[in-house]
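Trainee: Got a structure for you, run_10.txt, holding compact mmCIF, C-alpha atoms and all ligand atoms.
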# COMPACT_ATOMS: atom_id res chain seq x y z
CA MET A 1 0.51 -52.86 -19.09
CA LYS A 2 1.00 -51.02 -15.84
CA ARG A 3 4.39 -49.76 -16.95
CA ASN A 4 3.01 -48.47 -20.24
CA LEU A 5 0.37 -46.48 -18.48
CA SER A 6 2.77 -44.71 -16.13
CA ASN A 7 5.02 -44.00 -19.10
CA LEU A 8 2.13 -42.38 -20.90
CA ASN A 9 1.32 -40.35 -17.81
CA SER A 10 4.81 -38.91 -17.44
CA GLN A 11 4.88 -38.05 -21.13
CA HIS A 12 1.61 -36.24 -20.72
CA THR A 13 2.93 -34.31 -17.70
CA ALA A 14 6.04 -33.27 -19.62
CA ALA A 15 3.91 -31.98 -22.48
CA LEU A 16 1.80 -29.97 -20.06
CA ARG A 17 4.90 -28.49 -18.48
CA ARG A 18 6.25 -27.50 -21.89
CA ALA A 19 2.96 -25.85 -22.83
CA ALA A 20 2.90 -23.90 -19.57
CA LYS A 21 6.43 -22.65 -20.21
CA LYS A 22 5.48 -21.48 -23.69
CA ALA A 23 2.38 -19.69 -22.42
CA ARG A 24 4.31 -17.68 -19.83
CA PRO A 25 4.35 -14.04 -21.01
CA LYS A 26 7.77 -12.54 -21.72
CA PRO A 27 8.61 -9.25 -19.98
CA LEU A 28 8.29 -6.21 -22.26
CA VAL A 29 11.80 -5.04 -21.52
CA PRO A 30 14.77 -7.33 -21.00
CA LYS A 31 16.04 -7.19 -17.43
CA ALA A 32 19.58 -6.45 -18.58
CA LEU A 33 18.60 -2.97 -19.72
CA GLY A 34 17.66 -1.97 -16.21
CA VAL A 35 14.56 -0.14 -17.37
CA ARG A 36 11.06 -0.57 -16.05
CA LEU A 37 8.13 0.64 -18.09
CA ASP A 38 5.61 -0.69 -15.58
CA GLU A 39 4.28 2.21 -13.56
CA GLY A 40 3.20 1.88 -9.98
CA LYS A 41 6.07 -0.26 -8.76
CA GLY A 42 8.18 2.53 -7.36
CA PRO A 43 10.15 5.24 -9.09
CA VAL A 44 12.16 4.52 -12.23
CA ARG A 45 15.87 3.94 -11.63
CA ASP A 46 17.95 4.56 -14.72
CA GLY A 47 21.60 5.49 -14.39
CA ALA A 48 22.19 5.56 -18.14
CA HIS A 49 19.39 8.07 -18.59
CA MET A 50 20.78 10.19 -15.73
CA SER A 51 24.09 10.29 -17.57
CA ARG A 52 22.33 11.45 -20.72
CA VAL A 53 20.61 14.27 -18.78
CA ALA A 54 23.96 15.26 -17.27
CA GLY A 55 25.34 15.44 -20.81
CA GLN A 56 22.82 18.16 -21.73
CA ARG A 57 23.00 21.89 -20.97
CA CYS A 58 21.28 23.93 -18.26
CA LEU A 59 17.65 24.43 -19.30
CA VAL A 60 17.82 28.07 -18.16
CA CYS A 61 21.20 29.44 -19.27
CA ASN A 62 22.56 26.74 -21.59
CA MET A 63 25.70 26.15 -19.51
CA PRO A 64 27.34 22.76 -20.19
CA HIS A 65 28.10 20.14 -17.52
CA PRO A 66 24.90 20.60 -15.51
CA GLN A 67 23.72 18.86 -12.38
CA VAL A 68 20.69 16.55 -12.57
CA HIS A 69 17.60 17.76 -10.73
CA HIS A 70 14.63 15.51 -9.83
CA ILE A 71 11.36 17.38 -10.44
CA ARG A 72 9.83 16.55 -7.08
CA GLU A 73 7.68 19.65 -6.75
CA CYS A 74 5.63 18.84 -9.81
CA PHE A 75 4.25 15.69 -8.25
CA PRO A 76 2.60 16.57 -4.93
CA ARG A 77 1.47 12.99 -4.39
CA THR A 78 5.06 11.78 -4.43
CA MET A 79 6.20 14.24 -1.76
CA GLY A 80 8.48 12.43 0.60
CA VAL A 81 9.13 9.73 -1.97
CA LYS A 82 12.10 9.98 -4.32
CA VAL A 83 10.99 11.00 -7.80
CA GLY A 84 11.95 8.64 -10.60
CA ASP A 85 15.00 9.16 -12.79
CA ASP A 86 12.62 9.71 -15.70
CA LYS A 87 11.57 13.04 -14.15
CA THR A 88 14.95 14.74 -14.27
CA VAL A 89 16.25 17.93 -15.88
CA PRO A 90 19.73 19.44 -16.34
CA LEU A 91 20.52 22.61 -14.37
CA CYS A 92 23.84 24.39 -13.84
CA VAL A 93 25.10 24.76 -10.25
CA THR A 94 23.79 28.32 -10.01
CA HIS A 95 20.29 27.65 -11.29
CA HIS A 96 20.06 24.38 -9.40
CA ALA A 97 20.85 26.23 -6.17
CA GLU A 98 18.39 28.98 -7.05
CA LEU A 99 15.65 26.42 -7.72
CA HIS A 100 16.17 24.77 -4.36
CA MET A 101 16.07 28.12 -2.56
CA THR A 102 12.91 29.44 -4.19
CA ASN A 103 9.35 28.44 -4.94
CA ASN A 104 9.81 25.79 -7.60
CA ALA A 105 6.76 26.57 -9.72
CA ALA A 106 7.68 30.26 -9.72
CA PHE A 107 11.22 29.38 -10.80
CA TRP A 108 10.07 27.53 -13.92
CA THR A 109 7.52 30.23 -14.74
CA ARG A 110 10.12 32.98 -14.39
CA TYR A 111 12.40 31.31 -16.92
CA GLY A 112 9.59 30.04 -19.14
CA VAL A 113 10.70 26.43 -18.97
CA ASP A 114 8.28 23.49 -19.09
CA ALA A 115 10.47 21.18 -17.03
CA VAL A 116 8.03 18.27 -16.89
CA ARG A 117 7.51 18.27 -20.63
CA TRP A 118 11.26 18.43 -21.21
CA ALA A 119 11.86 15.51 -18.84
CA ASP A 120 9.12 13.38 -20.41
CA ASN A 121 10.30 14.04 -23.95
CA PHE A 122 13.91 13.36 -23.10
CA TYR A 123 13.10 10.13 -21.29
CA ARG A 124 10.98 9.00 -24.23
CA GLU A 125 13.95 9.70 -26.47
CA THR A 126 16.18 7.57 -24.22
CA LEU A 127 13.73 4.67 -24.42
CA SER A 128 13.29 4.96 -28.18
CA ARG A 129 17.04 4.80 -28.67
CA ARG A 130 17.03 1.44 -26.88
CA HIS A 131 14.00 0.09 -28.76
CA PRO A 132 13.90 1.76 -32.16
ZN ZN A 201 21.97 27.73 -15.56
ZN ZN A 202 17.55 19.44 -7.38
Re-express the file's structure as structure tokens.
Ligand SMILES: [Zn+2]
Ligand SMILES: [Zn+2]

Mentor:
Amino acid sequence: MKRNLSNLNSQHTAALRRAAKKARPKPLVPKALGVRLDEGKGPVRDGAHMSRVAGQRCLVCNMPHPQVHHIRECFPRTMGVKVGDDKTVPLCVTHHAELHMTNNAAFWTRYGVDAVRWADNFYRETLSRRHP
């Protein structure tokens, strides 16, 4: 009788454990992709997306093989913190240097480029390619 009871107990515990495992929420994005959609846990790190940006052309003069610029100046609250890889734009060596030497907002205004919008759209495109 005693043995039966303990048997029943361990069965019950196993069932509980199984239920708890099932109830555990799955992450939205598989870890293997290296992408984090959860904001507020530090800047996005995404090498594959950086490569895609580098494969574009300079947003100002359309030169191929640009450098990748992080749009730090558009996010005053993140000053001193590295901006995420989702906020990146392609710029040729010349325009990249010019941007870093001048007032950043004035630079984008002068060339009529909405850098933040470009970066957001392009990052969204990267994500949608992974999860169509
Ligand atoms: Zn350029
Ligand atoms: Zn830069």

Trainee: Could you check which of A:His100, A:Arg117, A:Arg18, A:Arg124 is closest to ligand ZN 202 (chain A), using all atoms listed in the file?

Mentor: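 Selected residue with least distance to ligand ZN 202 (chain A): A:His100.
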
Trainee: Hey, which of A:Ala105, A:Val60, A:Ala119, A:Leu91 ends up closest to ligand ZN 202 (chain A)? Count all atoms listed in the file.

Mentor: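 The answer is A:Leu91, which sits nearest to ligand ZN 202 (chain A).
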
Trainee: Name the residues, by chain letter and number, that sit within 9 Å of ligand ZN 202 (chain A) using all atoms listed in the file, and give them as an MDAnalysis selection string.

Mentor: chainID A and resid 67:72 88:89 91 96:97 99:100

Trainee: Using only C-alpha atoms and all ligand atoms, which residue out of A:Gly55, A:Pro90, A:Pro43, A:Gly84 lies closest to ligand ZN 201 (chain A)?

Mentor: A:Pro90

Trainee: Would you work out the distance separating atom CA of Val44 of chain A from atom CA of Cys61 of chain A, expressed in Å to one decimal?

Mentor: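 Distance between the two atoms: 27.4 Å.
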
Trainee: Pick the closest to His65 of chain A from A:Asp85, A:Val113, A:Thr94, A:Trp108: which is it, counting all atoms listed in the file?

Mentor: A:Thr94

Trainee: Need to verify the contact set: Asp120 of chain A, 9 Å, all atoms listed in the file, exclusion of same-chain residues closer than 4 positions in sequence. Can you return it as a list in words?

Mentor: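 Near neighbours after the sequence-gap exclusion: Asp86, Lys87, Thr88, Ala115, Val116, Arg124 and Glu125 of chain A.
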
Trainee: With distances taken over only C-alpha atoms and all ligand atoms, which of A:Ser128, A:Thr109, A:Asn104, A:Asn62 is nearest to ligand ZN 201 (chain A)?

Mentor: A:Asn62

Trainee: Considering only C-alpha atoms, state which residue in the set A:Tyr111, A:Thr126, A:His131, A:Asn121 is at the smallest distance from Arg52 of chain A.

Mentor: A:Thr126

Trainee: Grab the atom CA of Val93 of chain A to atom CA of Arg57 of chain A distance for me, in Å with one decimal place.

Mentor: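 Calculated distance between atom CA of Val93 of chain A and atom CA of Arg57 of chain A is 11.3 Å.
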
Trainee: Enter the distance from atom ZN of ligand ZN 201 (chain A) to atom CA of Glu98 of chain A, in Å, rounded to one decimal.

Mentor: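 Between atom ZN of ligand ZN 201 (chain A) and atom CA of Glu98 of chain A the gap is 9.3 Å.
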